[in-house]
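Here's run-v2.csv, which has CSV, C-alpha atoms:
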```csv
chain,number,residue,atom,x,y,z
G,2,MET,CA,-22.9,-12.6,5.8
G,3,ASP,CA,-20.0,-10.2,5.8
G,4,LEU,CA,-18.8,-8.0,2.9
G,5,MET,CA,-16.0,-10.4,1.9
G,6,GLU,CA,-18.4,-13.3,1.6
G,7,ALA,CA,-20.9,-11.2,-0.4
G,8,SER,CA,-18.2,-10.0,-2.8
G,9,ILE,CA,-16.9,-13.6,-3.4
G,10,LEU,CA,-20.5,-14.7,-4.2
G,11,LEU,CA,-20.7,-11.8,-6.6
G,12,HIS,CA,-17.7,-13.1,-8.5
G,13,VAL,CA,-19.2,-16.6,-8.5
G,14,GLY,CA,-22.5,-15.3,-9.8
G,15,ILE,CA,-20.8,-13.4,-12.6
G,16,VAL,CA,-18.9,-16.5,-13.7
G,17,LEU,CA,-22.0,-18.7,-13.6
G,18,LEU,CA,-23.9,-16.1,-15.6
G,19,LEU,CA,-21.2,-16.0,-18.3
G,20,LEU,CA,-21.1,-19.7,-18.5
G,21,TRP,CA,-24.9,-19.8,-18.8
G,22,ILE,CA,-24.8,-17.3,-21.7
G,23,LEU,CA,-22.1,-19.2,-23.5
G,24,SER,CA,-24.1,-22.4,-23.0
G,25,SER,CA,-27.3,-20.8,-24.4
G,26,PHE,CA,-25.4,-20.1,-27.6
G,27,ASN,CA,-23.7,-23.5,-27.7
G,28,CYS,CA,-20.3,-21.8,-27.3
G,29,CYS,CA,-19.3,-23.2,-24.0
G,30,HIS,CA,-16.0,-24.9,-24.7
G,31,PRO,CA,-14.2,-26.9,-21.9
G,32,ILE,CA,-11.6,-24.2,-21.9
G,33,ALA,CA,-14.2,-21.7,-20.6
G,34,TYR,CA,-14.8,-23.9,-17.6
G,35,PHE,CA,-11.0,-24.2,-17.0
G,36,LEU,CA,-10.5,-20.4,-17.2
G,37,SER,CA,-13.5,-19.9,-14.9
G,38,LEU,CA,-11.9,-22.2,-12.3
G,39,ILE,CA,-8.6,-20.3,-12.6
G,40,TYR,CA,-10.3,-17.0,-12.3
G,41,LEU,CA,-12.2,-18.1,-9.1
G,42,TYR,CA,-9.0,-19.5,-7.7
G,43,LEU,CA,-7.1,-16.2,-8.2
G,44,ILE,CA,-10.0,-14.4,-6.5
G,45,TYR,CA,-9.9,-16.8,-3.6
G,46,GLU,CA,-6.1,-16.3,-3.3
G,47,ARG,CA,-6.6,-12.5,-3.3
G,48,TYR,CA,-9.2,-12.7,-0.5
G,49,ASP,CA,-7.0,-15.2,1.5
G,50,MET,CA,-4.1,-12.7,1.3
G,51,ARG,CA,-6.3,-9.9,2.4
G,52,LEU,CA,-7.6,-11.9,5.3
G,53,ARG,CA,-4.2,-13.0,6.5
G,54,ARG,CA,-2.9,-9.4,6.3
G,55,LYS,CA,-5.9,-8.3,8.3
G,56,ILE,CA,-5.4,-10.9,11.0
G,57,GLN,CA,-1.7,-9.9,11.3
G,58,PHE,CA,-2.7,-6.3,12.0
G,59,GLU,CA,-5.5,-7.3,14.3
G,60,GLU,CA,-2.9,-9.2,16.4
G,61,ARG,CA,-0.6,-6.1,16.4
G,62,ARG,CA,-3.5,-3.9,17.5
G,63,LYS,CA,-4.4,-6.2,20.4
G,64,SER,CA,-0.8,-6.3,21.6
G,65,SER,CA,-0.4,-2.5,21.3
G,66,ARG,CA,-3.4,-1.9,23.6
G,67,ARG,CA,-1.5,-3.1,26.7
G,68,ARG,CA,-0.7,0.4,27.9
G,69,ALA,CA,-0.7,2.2,31.2
G,70,LEU,CA,-4.0,3.8,32.4
G,71,PHE,CA,-2.7,7.3,31.9
G,72,GLU,CA,-1.9,6.7,28.3
G,73,SER,CA,-5.3,5.1,27.7
G,74,GLU,CA,-7.0,8.1,29.1
G,75,THR,CA,-4.9,10.4,26.9
G,76,VAL,CA,-5.8,8.4,23.8
G,77,ARG,CA,-9.5,8.4,24.8
G,78,TRP,CA,-9.4,12.1,25.2
G,79,LEU,CA,-7.7,12.6,21.9
G,80,ASN,CA,-10.2,10.4,20.0
G,81,ASN,CA,-13.1,12.2,21.6
G,82,ALA,CA,-11.7,15.6,20.6
G,83,VAL,CA,-11.0,14.5,17.0
G,84,GLU,CA,-14.5,13.0,16.7
G,85,LYS,CA,-16.1,16.3,17.9
G,86,ILE,CA,-14.3,18.5,15.4
G,87,TRP,CA,-13.8,16.1,12.5
G,88,LEU,CA,-16.7,17.3,10.4
G,89,VAL,CA,-16.4,20.9,11.7
G,90,CYS,CA,-13.0,21.6,10.2
G,91,ILE,CA,-10.4,18.7,10.3
G,92,GLU,CA,-11.9,16.7,7.4
G,93,GLN,CA,-11.9,19.7,5.1
G,94,ILE,CA,-8.4,20.7,6.1
G,95,ILE,CA,-7.0,17.2,5.5
G,96,SER,CA,-8.8,16.5,2.3
G,97,GLN,CA,-8.8,19.9,0.6
G,98,LYS,CA,-5.8,21.7,2.1
G,99,ILE,CA,-3.3,18.8,2.5
G,100,LEU,CA,-4.2,15.7,0.4
G,101,LEU,CA,-5.4,17.5,-2.7
G,102,PRO,CA,-2.1,19.3,-3.3
G,103,ILE,CA,0.0,16.2,-2.3
G,104,ILE,CA,-1.9,13.5,-4.3
G,105,PRO,CA,-1.1,14.9,-7.7
G,106,TRP,CA,2.6,14.8,-6.8
G,107,PHE,CA,2.3,11.1,-6.0
G,108,LEU,CA,0.2,10.4,-9.1
G,109,GLN,CA,2.8,12.0,-11.3
G,110,LYS,CA,5.6,10.0,-9.8
G,111,TYR,CA,4.0,6.6,-9.4
G,112,LYS,CA,1.3,6.4,-12.1
G,113,PRO,CA,1.6,3.4,-14.4
G,114,TRP,CA,3.0,3.7,-17.9
G,115,THR,CA,-0.4,3.1,-19.4
G,116,VAL,CA,-1.7,6.4,-18.0
G,117,LYS,CA,-0.8,9.7,-19.5
G,118,LYS,CA,-2.6,12.0,-17.1
G,119,ALA,CA,-4.4,11.5,-13.8
G,120,VAL,CA,-6.3,14.2,-11.9
G,121,VAL,CA,-8.3,14.2,-8.7
G,122,GLN,CA,-11.6,15.8,-9.4
G,123,HIS,CA,-13.3,15.3,-6.0
G,124,LEU,CA,-12.2,14.2,-2.5
G,125,TYR,CA,-14.3,13.7,0.6
G,126,MET,CA,-12.9,11.5,3.5
G,127,GLY,CA,-16.3,10.7,4.9
G,128,ARG,CA,-17.9,11.3,8.3
G,129,SER,CA,-15.8,8.8,10.3
G,130,PRO,CA,-12.6,10.2,11.8
G,131,PRO,CA,-9.4,8.3,12.3
G,132,ILE,CA,-9.1,6.4,15.6
G,133,PHE,CA,-5.9,6.6,17.6
G,134,THR,CA,-5.0,3.3,19.3
G,135,GLU,CA,-1.9,4.4,21.2
G,136,MET,CA,0.4,7.3,21.8
G,137,ARG,CA,3.8,7.7,23.3
G,138,VAL,CA,6.6,10.3,23.3
G,139,ILE,CA,10.0,9.3,21.9
G,140,ARG,CA,12.5,10.2,24.6
G,141,GLN,CA,15.4,11.0,22.3
G,142,PRO,CA,14.2,12.8,19.2
G,143,ASN,CA,16.3,12.5,16.1
G,144,ASP,CA,17.8,15.4,14.2
G,145,ASP,CA,16.5,18.8,15.4
G,146,ASP,CA,12.9,17.9,16.2
G,147,HIS,CA,11.8,19.3,19.5
G,148,LEU,CA,9.2,16.5,20.0
G,149,VAL,CA,8.6,13.2,18.4
G,150,LEU,CA,5.3,11.3,18.9
G,151,GLU,CA,4.5,7.7,17.9
G,152,LEU,CA,0.8,7.3,17.2
G,153,GLY,CA,-1.1,4.1,16.4
G,154,ILE,CA,-3.7,5.1,13.8
G,155,ASN,CA,-6.7,3.2,12.3
G,156,PHE,CA,-8.7,5.0,9.7
G,157,ARG,CA,-11.6,3.1,8.2
G,158,ALA,CA,-13.7,5.3,5.9
G,159,ALA,CA,-17.4,5.4,6.3
G,160,ASP,CA,-19.8,4.5,3.4
G,161,ASP,CA,-20.2,8.2,2.5
G,162,MET,CA,-16.5,8.6,1.5
G,163,SER,CA,-16.2,9.6,-2.2
G,164,ALA,CA,-13.3,10.5,-4.4
G,165,ILE,CA,-13.2,10.7,-8.2
G,166,LEU,CA,-10.0,10.2,-10.2
G,167,ALA,CA,-10.1,11.2,-13.9
G,168,VAL,CA,-7.6,9.1,-16.0
G,169,LYS,CA,-6.5,9.6,-19.5
G,170,LEU,CA,-4.8,6.6,-21.2
G,171,ARG,CA,-2.0,6.9,-23.6
G,172,LYS,CA,-2.9,6.9,-27.3
G,173,ARG,CA,-0.8,3.8,-28.2
G,174,LEU,CA,-2.7,1.7,-25.7
G,175,GLY,CA,-6.1,3.1,-25.0
G,176,LEU,CA,-6.5,5.5,-28.0
G,177,GLY,CA,-6.4,8.4,-25.6
G,178,MET,CA,-9.6,7.4,-23.9
G,179,ARG,CA,-10.7,9.1,-20.7
G,180,THR,CA,-12.4,7.3,-17.7
G,181,LYS,CA,-13.2,8.0,-14.1
G,182,LEU,CA,-12.3,5.8,-11.1
G,183,HIS,CA,-14.5,6.1,-8.0
G,184,LEU,CA,-12.7,5.6,-4.7
G,185,MET,CA,-15.5,4.3,-2.4
G,186,GLY,CA,-13.7,3.1,0.6
G,187,MET,CA,-10.3,3.1,2.4
G,188,HIS,CA,-8.8,1.3,5.4
G,189,ILE,CA,-5.3,2.3,6.6
G,190,GLU,CA,-3.7,1.2,9.8
G,191,GLY,CA,-0.2,1.5,11.2
G,192,LYS,CA,2.2,3.3,13.5
G,193,VAL,CA,2.9,6.9,12.5
G,194,LEU,CA,5.9,9.0,13.7
G,195,ILE,CA,5.4,12.7,13.9
G,196,GLY,CA,8.3,15.1,14.5
G,197,LEU,CA,7.6,18.6,15.6
G,198,LYS,CA,9.8,21.7,15.5
G,199,PHE,CA,8.4,24.8,17.3
G,200,LEU,CA,8.9,28.5,16.8
G,201,HIS,CA,8.8,31.5,19.1
G,202,LYS,CA,6.3,33.3,16.8
G,203,TRP,CA,3.2,32.6,14.8
G,204,PRO,CA,2.3,29.9,13.7
G,205,PHE,CA,4.5,28.6,16.6
G,206,LEU,CA,5.0,25.3,14.7
G,207,GLY,CA,7.7,25.6,12.1
G,208,ARG,CA,8.0,22.1,10.7
G,209,LEU,CA,6.1,18.9,10.7
G,210,ARG,CA,7.6,15.6,9.7
G,211,VAL,CA,5.4,12.5,9.2
G,212,CYS,CA,6.2,8.9,8.3
G,213,PHE,CA,5.1,5.3,9.1
G,214,ALA,CA,7.3,3.3,11.5
G,215,GLU,CA,6.7,0.3,9.2
G,216,PRO,CA,4.8,-0.4,6.0
G,217,PRO,CA,1.1,0.1,7.0
G,218,TYR,CA,-1.9,-2.0,6.3
G,219,PHE,CA,-3.7,-0.4,3.4
G,220,GLN,CA,-6.8,-1.4,1.4
G,221,MET,CA,-9.2,0.5,-0.8
G,222,VAL,CA,-12.3,0.0,-2.9
G,223,VAL,CA,-12.1,1.4,-6.4
G,224,LYS,CA,-15.0,1.1,-8.9
G,225,PRO,CA,-14.7,2.2,-12.6
G,226,LEU,CA,-17.2,4.4,-14.4
G,227,PHE,CA,-20.0,4.2,-11.7
G,228,THR,CA,-20.3,4.0,-8.0
G,229,ARG,CA,-21.9,0.6,-8.3
G,230,GLY,CA,-20.3,-2.6,-9.5
G,231,LEU,CA,-17.2,-4.7,-9.0
G,232,ASP,CA,-14.2,-3.5,-7.0
G,233,VAL,CA,-11.4,-3.4,-9.6
G,234,THR,CA,-8.8,-3.9,-6.8
G,235,GLU,CA,-10.1,-7.5,-6.5
G,236,LEU,CA,-9.4,-8.5,-10.1
G,237,PRO,CA,-6.4,-10.7,-10.8
G,238,GLY,CA,-3.6,-8.7,-12.4
G,239,ILE,CA,-4.9,-5.3,-11.3
G,240,ALA,CA,-4.8,-6.4,-7.6
G,241,GLY,CA,-1.1,-7.5,-7.8
G,242,TRP,CA,-0.1,-4.4,-9.8
G,243,LEU,CA,-1.9,-2.1,-7.3
G,244,ASP,CA,-0.3,-3.8,-4.3
G,245,LYS,CA,3.2,-3.3,-5.8
G,246,LEU,CA,2.4,0.3,-6.7
G,247,LEU,CA,1.1,1.2,-3.2
G,248,ALA,CA,4.0,-0.7,-1.5
G,249,LEU,CA,6.5,1.2,-3.6
G,250,ALA,CA,4.9,4.6,-3.1
G,251,PHE,CA,4.7,4.1,0.7
G,252,GLU,CA,8.1,2.6,1.2
G,253,GLU,CA,10.0,5.1,-0.9
G,254,THR,CA,8.3,8.2,0.6
G,255,LEU,CA,6.4,7.6,3.8
G,256,VAL,CA,8.1,4.7,5.6
G,257,GLU,CA,10.9,5.4,8.0
G,258,PRO,CA,13.6,6.6,7.4
G,259,ASN,CA,11.9,8.4,4.5
G,260,MET,CA,9.3,11.0,5.5
G,261,LEU,CA,7.0,13.7,4.4
G,262,VAL,CA,8.2,17.2,5.5
G,263,VAL,CA,5.6,20.0,5.9
G,264,ASP,CA,6.8,23.6,6.1
G,265,VAL,CA,4.0,24.9,8.4
G,266,GLU,CA,5.0,28.5,7.9
G,267,LYS,CA,4.5,28.3,4.2
G,268,PHE,CA,1.3,26.2,4.7
G,269,ALA,CA,-0.2,28.7,7.0
G,270,SER,CA,0.6,31.7,4.7
G,271,PRO,CA,-2.4,33.5,3.1
G,272,SER,CA,-1.7,32.1,-0.3
G,273,PRO,CA,0.5,29.0,-0.2
G,274,GLN,CA,1.9,27.8,-3.5
G,275,PRO,CA,1.2,24.2,-4.4
G,276,GLU,CA,4.1,21.8,-3.8
G,277,SER,CA,6.1,24.6,-2.1
G,278,TRP,CA,5.1,23.7,1.5
G,279,PHE,CA,5.9,20.0,1.4
G,280,SER,CA,8.7,17.8,0.3
G,281,VAL,CA,9.8,14.2,0.7
G,282,ASP,CA,13.0,13.7,2.7
G,283,ALA,CA,14.6,10.5,1.4
G,284,LYS,CA,17.4,9.4,3.8
G,285,ASP,CA,20.7,8.2,2.4
G,286,PRO,CA,21.7,4.7,3.4
G,287,ILE,CA,24.5,4.3,6.0
G,288,ALA,CA,25.7,1.1,4.4
G,289,HIS,CA,25.0,-1.4,1.6
G,290,ALA,CA,24.7,-5.1,1.5
G,291,MET,CA,25.9,-6.8,-1.6
G,292,VAL,CA,23.8,-9.9,-2.5
G,293,GLU,CA,25.0,-12.0,-5.4
G,294,VAL,CA,22.7,-14.7,-6.7
G,295,VAL,CA,24.9,-17.2,-8.5
G,296,GLU,CA,23.4,-20.6,-9.2
G,297,ALA,CA,21.5,-23.6,-7.9
G,298,SER,CA,21.4,-27.3,-8.5
G,299,ASP,CA,19.0,-30.3,-8.0
G,300,MET,CA,16.0,-28.0,-7.7
G,301,LYS,CA,12.6,-29.4,-7.1
G,302,PRO,CA,10.7,-30.0,-10.3
G,303,SER,CA,7.4,-28.2,-10.4
G,304,ASP,CA,6.3,-28.3,-14.0
G,305,PRO,CA,4.7,-31.3,-15.8
G,306,ASN,CA,7.8,-31.7,-17.9
G,307,GLY,CA,9.9,-32.4,-14.7
G,308,LEU,CA,11.7,-29.1,-14.9
G,309,ALA,CA,11.1,-25.6,-13.5
G,310,ASP,CA,11.4,-21.9,-14.4
G,311,PRO,CA,13.1,-20.8,-11.2
G,312,TYR,CA,13.9,-17.2,-10.1
G,313,VAL,CA,15.0,-15.7,-6.8
G,314,LYS,CA,13.3,-12.8,-5.0
G,315,GLY,CA,14.2,-11.1,-1.8
G,316,GLN,CA,13.5,-8.3,0.6
G,317,LEU,CA,15.5,-6.3,3.1
G,318,GLY,CA,13.3,-3.7,4.8
G,319,PRO,CA,11.5,-1.7,2.1
G,320,TYR,CA,14.0,-2.8,-0.6
G,321,ARG,CA,12.9,-5.7,-2.9
G,322,PHE,CA,14.9,-7.4,-5.6
G,323,ARG,CA,14.2,-10.2,-8.1
G,324,THR,CA,16.3,-12.1,-10.7
G,325,LYS,CA,15.3,-13.1,-14.2
G,326,PRO,CA,13.6,-16.5,-14.4
G,327,GLN,CA,15.7,-19.3,-16.0
G,328,ARG,CA,13.5,-21.4,-18.3
G,329,LYS,CA,13.1,-25.1,-18.2
G,330,THR,CA,16.0,-26.1,-15.9
G,331,ARG,CA,16.8,-27.6,-12.5
G,332,THR,CA,20.3,-26.1,-12.5
G,333,PRO,CA,19.8,-22.4,-13.1
G,334,LYS,CA,22.6,-19.9,-13.3
G,335,TRP,CA,21.6,-16.4,-12.6
G,336,ASN,CA,24.9,-14.5,-11.9
G,337,GLU,CA,23.1,-11.4,-10.8
G,338,GLU,CA,24.2,-8.9,-8.1
G,339,PHE,CA,22.1,-6.5,-6.1
G,340,LYS,CA,23.2,-3.6,-4.0
G,341,ILE,CA,20.8,-3.3,-1.0
G,342,PRO,CA,20.7,-0.1,1.1
G,343,ILE,CA,20.8,-0.3,4.9
G,344,PHE,CA,19.4,2.6,6.8
G,345,THR,CA,19.9,1.6,10.5
G,346,TRP,CA,21.9,-0.7,12.8
G,347,GLU,CA,19.6,0.1,15.8
G,348,SER,CA,17.2,-2.8,14.9
G,349,PRO,CA,17.9,-6.2,13.3
G,350,ASN,CA,18.1,-6.2,9.5
G,351,VAL,CA,16.3,-9.3,8.2
G,352,LEU,CA,17.1,-10.4,4.6
G,353,ALA,CA,14.3,-12.8,3.3
G,354,ILE,CA,15.1,-14.8,0.2
G,355,GLU,CA,12.7,-17.1,-1.7
G,356,VAL,CA,13.1,-19.3,-4.7
G,357,CYS,CA,10.0,-19.5,-6.9
G,358,ASP,CA,8.9,-21.2,-10.1
G,359,LYS,CA,7.5,-18.9,-12.7
G,360,ASP,CA,4.1,-19.9,-14.0
G,361,HIS,CA,1.5,-18.3,-16.1
G,362,PHE,CA,-1.0,-17.7,-13.3
G,363,VAL,CA,0.3,-18.4,-9.8
G,364,ASP,CA,4.1,-18.8,-9.1
G,365,ASP,CA,5.0,-21.8,-6.9
G,366,SER,CA,7.4,-21.4,-3.9
G,367,LEU,CA,10.4,-23.8,-4.0
G,368,GLY,CA,12.0,-22.8,-0.7
G,369,SER,CA,12.8,-19.8,1.4
G,370,VAL,CA,15.4,-18.7,4.0
G,371,THR,CA,16.0,-15.6,6.2
G,372,PHE,CA,19.2,-14.0,7.5
G,373,SER,CA,19.5,-11.5,10.4
G,374,PHE,CA,22.5,-9.2,10.9
```
Show me, as structure tokens, the structure contained in the file I just sent.
Amino acid sequence: MDLMEASILLHVGIVLLLLWILSSFNCCHPIAYFLSLIYLYLIYERYDMRLRRKIQFEERRKSSRRRALFESETVRWLNNAVEKIWLVCIEQIISQKILLPIIPWFLQKYKPWTVKKAVVQHLYMGRSPPIFTEMRVIRQPNDDDHLVLELGINFRAADDMSAILAVKLRKRLGLGMRTKLHLMGMHIEGKVLIGLKFLHKWPFLGRLRVCFAEPPYFQMVVKPLFTRGLDVTELPGIAGWLDKLLALAFEETLVEPNMLVVDVEKFASPSPQPESWFSVDAKDPIAHAMVEVVEASDMKPSDPNGLADPYVKGQLGPYRFRTKPQRKTRTPKWNEEFKIPIFTWESPNVLAIEVCDKDHFVDDSLGSVTFSF
């Protein structure tokens, strides 16, 4: 039995236990059974989405392994070197010197409105180093980089990974309560672009620019209060909110053309100041696409009353947009306009549009279409 099956059974066991407790007190209303079914359905949908996402990245990984023998030997040597010195120094440098100063900046910018303050109290990446799946040199570096590398990276934290995030809620919502979230696992996979600019003197590397070539596969295990118990990233509502938050944080800062810029000279100084040696370089768009969502007619009824609550959502690269839902109608009129940034003409720009019906629990898809230009 794998971890996913065990976790699903845990949710089923909790639901059955709650129903048994309600039955023992003669309080088990039929609504409780209905809500239990909805809860388990949402949990199933969450796991199904995770599984589909994992399969997609597994297929990408297999296709990326078809490389020349020389490149395979280079990647094998790199993985062996990283494995040997990971616990000696690399883990401490990444977790304590790099991530600890950077994470507070991300938390301050992307924390939810319910949180007043969030602080990382402890961070240990675990004994397992990242694995590089491929490596190649970009022949024509952009800007003034002397060398640009494209690395396929797969980091799956071992079971000894631990991180503690202290959170203080706002007074109007949580009465200023404090809690701790324990990050017990992490899996991140994708293609990373690294731009290097060299110097003639120490530290010989002047600037390092890092970004993902495309939105990465990212999953983590977060448990509240204690290191045992449910993973809160699986719960309906929290799961969707967390996915949107992570997607926004990655796409606005760490997905090409946006990138994290590290001033290696300042980083290597005897006493580097926090937030002085790194910055986020957000590229300006080279053009814009104007999308106007006007109206629709004869839409598919998806509610018991024979009507629908339709809205339109779309995505072009990292940019997402969504209209307001129109209630109880089959002839909605949105009349909304969106200005979508375009960052490159070197690869096809694909605009994906989907019409959905707004429901209380799971929104229904009424149709979709894609455009390439």
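Compared by their closest atoms to Thr345 in chain G, and using only C-alpha atoms, the residues G:Arg137, G:Lys284, G:Lys110, G:Arg54 rank with G:Lys284 nearest.
When all atoms listed in the file are used to compute distances to Gly207 in chain G, the closest of the residues G:Val262, G:Val116, G:Met50, G:Leu20 turns out to be G:Val262.
Around the point (-8.3, 10.7, 6.3), within 9 Å and counting all atoms listed in the file, we find these residues: G:Glu92, G:Ile95, G:Ser96, G:Leu100, G:Tyr125, G:Met126, G:Gly127, G:Ser129, G:Pro130, G:Pro131, G:Phe156, G:Arg157, G:Ala158, G:Met187, G:Ile189.
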Handout entry: Exercise: range 146-153 of chain G partners within 7 Å, all atoms listed in the file, chain neighbours under 6 positions left out, as a PyMOL selection string
Key = chain G and resi 133-139+191-199
Exercise for the section: With a distance cut-off of 12 Å and only C-alpha atoms, select the neighbouring residues of Lys301 in chain G, excluding the residue or stretch itself and same-chain residues fewer than 5 positions from it, and output the selection as a list in words. Expected result: Gly307, Leu308, Ala309, Asp310, Pro311, Lys329, Thr330, Arg331, Thr332, Pro333, Val356, Cys357, Asp358, Asp365, Ser366, Leu367 and Gly368 of chain G
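Among the candidate residues G:Ser37, G:Gln109, G:Lys334, G:Ser348, the one lying nearest to Ser373 in chain G is G:Ser348, with distances computed using all atoms listed in the file.
Pairwise distance (CA of Glu74 in chain G, CA of Ile132 in chain G) equals 13.8 Å.
Counting all atoms listed in the file and comparing G:Val265, G:Leu166, G:Val256, G:Met178, the residue that lies closest to Leu200 in chain G is G:Val265.
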Handout entry: Pick from G:Ala33, G:Leu209, G:Val76, G:Val370, whichever lies nearest to Glu355 in chain G using only C-alpha atoms
Key = G:Val370
Handout entry: CA of Ile104 in chain G to CA of Val120 in chain G, distance in Å rounded to a single decimal
Key = 8.8 Å
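Around Leu19 in chain G, within 12 Å and counting all atoms listed in the file, the residues found are G:His12, G:Val13, G:Ser25, G:Phe26, G:Cys28, G:Cys29, G:Ala33, G:Tyr34, G:Leu36, G:Ser37, once anything fewer than 6 positions away on its own chain is removed.
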Handout entry: Distance query 7 Å from (-14.3, 8.5, -1.3) using all atoms listed in the file, result as a PyMOL selection string
Key = chain G and resi 124-127+162-164+184-186
Dump as a PDB file, keeping the file's coordinate frame, selection limited to C-alpha atoms:
```pdb
ATOM      1  CA  LEU G 124     -12.200  14.200  -2.500  1.00  0.00           C
ATOM      2  CA  TYR G 125     -14.300  13.700   0.600  1.00  0.00           C
ATOM      3  CA  MET G 126     -12.900  11.500   3.500  1.00  0.00           C
ATOM      4  CA  GLY G 127     -16.300  10.700   4.900  1.00  0.00           C
ATOM      5  CA  MET G 162     -16.500   8.600   1.500  1.00  0.00           C
ATOM      6  CA  SER G 163     -16.200   9.600  -2.200  1.00  0.00           C
ATOM      7  CA  ALA G 164     -13.300  10.500  -4.400  1.00  0.00           C
ATOM      8  CA  LEU G 184     -12.700   5.600  -4.700  1.00  0.00           C
ATOM      9  CA  MET G 185     -15.500   4.300  -2.400  1.00  0.00           C
ATOM     10  CA  GLY G 186     -13.700   3.100   0.600  1.00  0.00           C
TER      11      GLY G 186
END
```
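Atom pair CA of Glu293 in chain G / CA of Val313 in chain G has a distance of 10.8 Å (rounded to one decimal).
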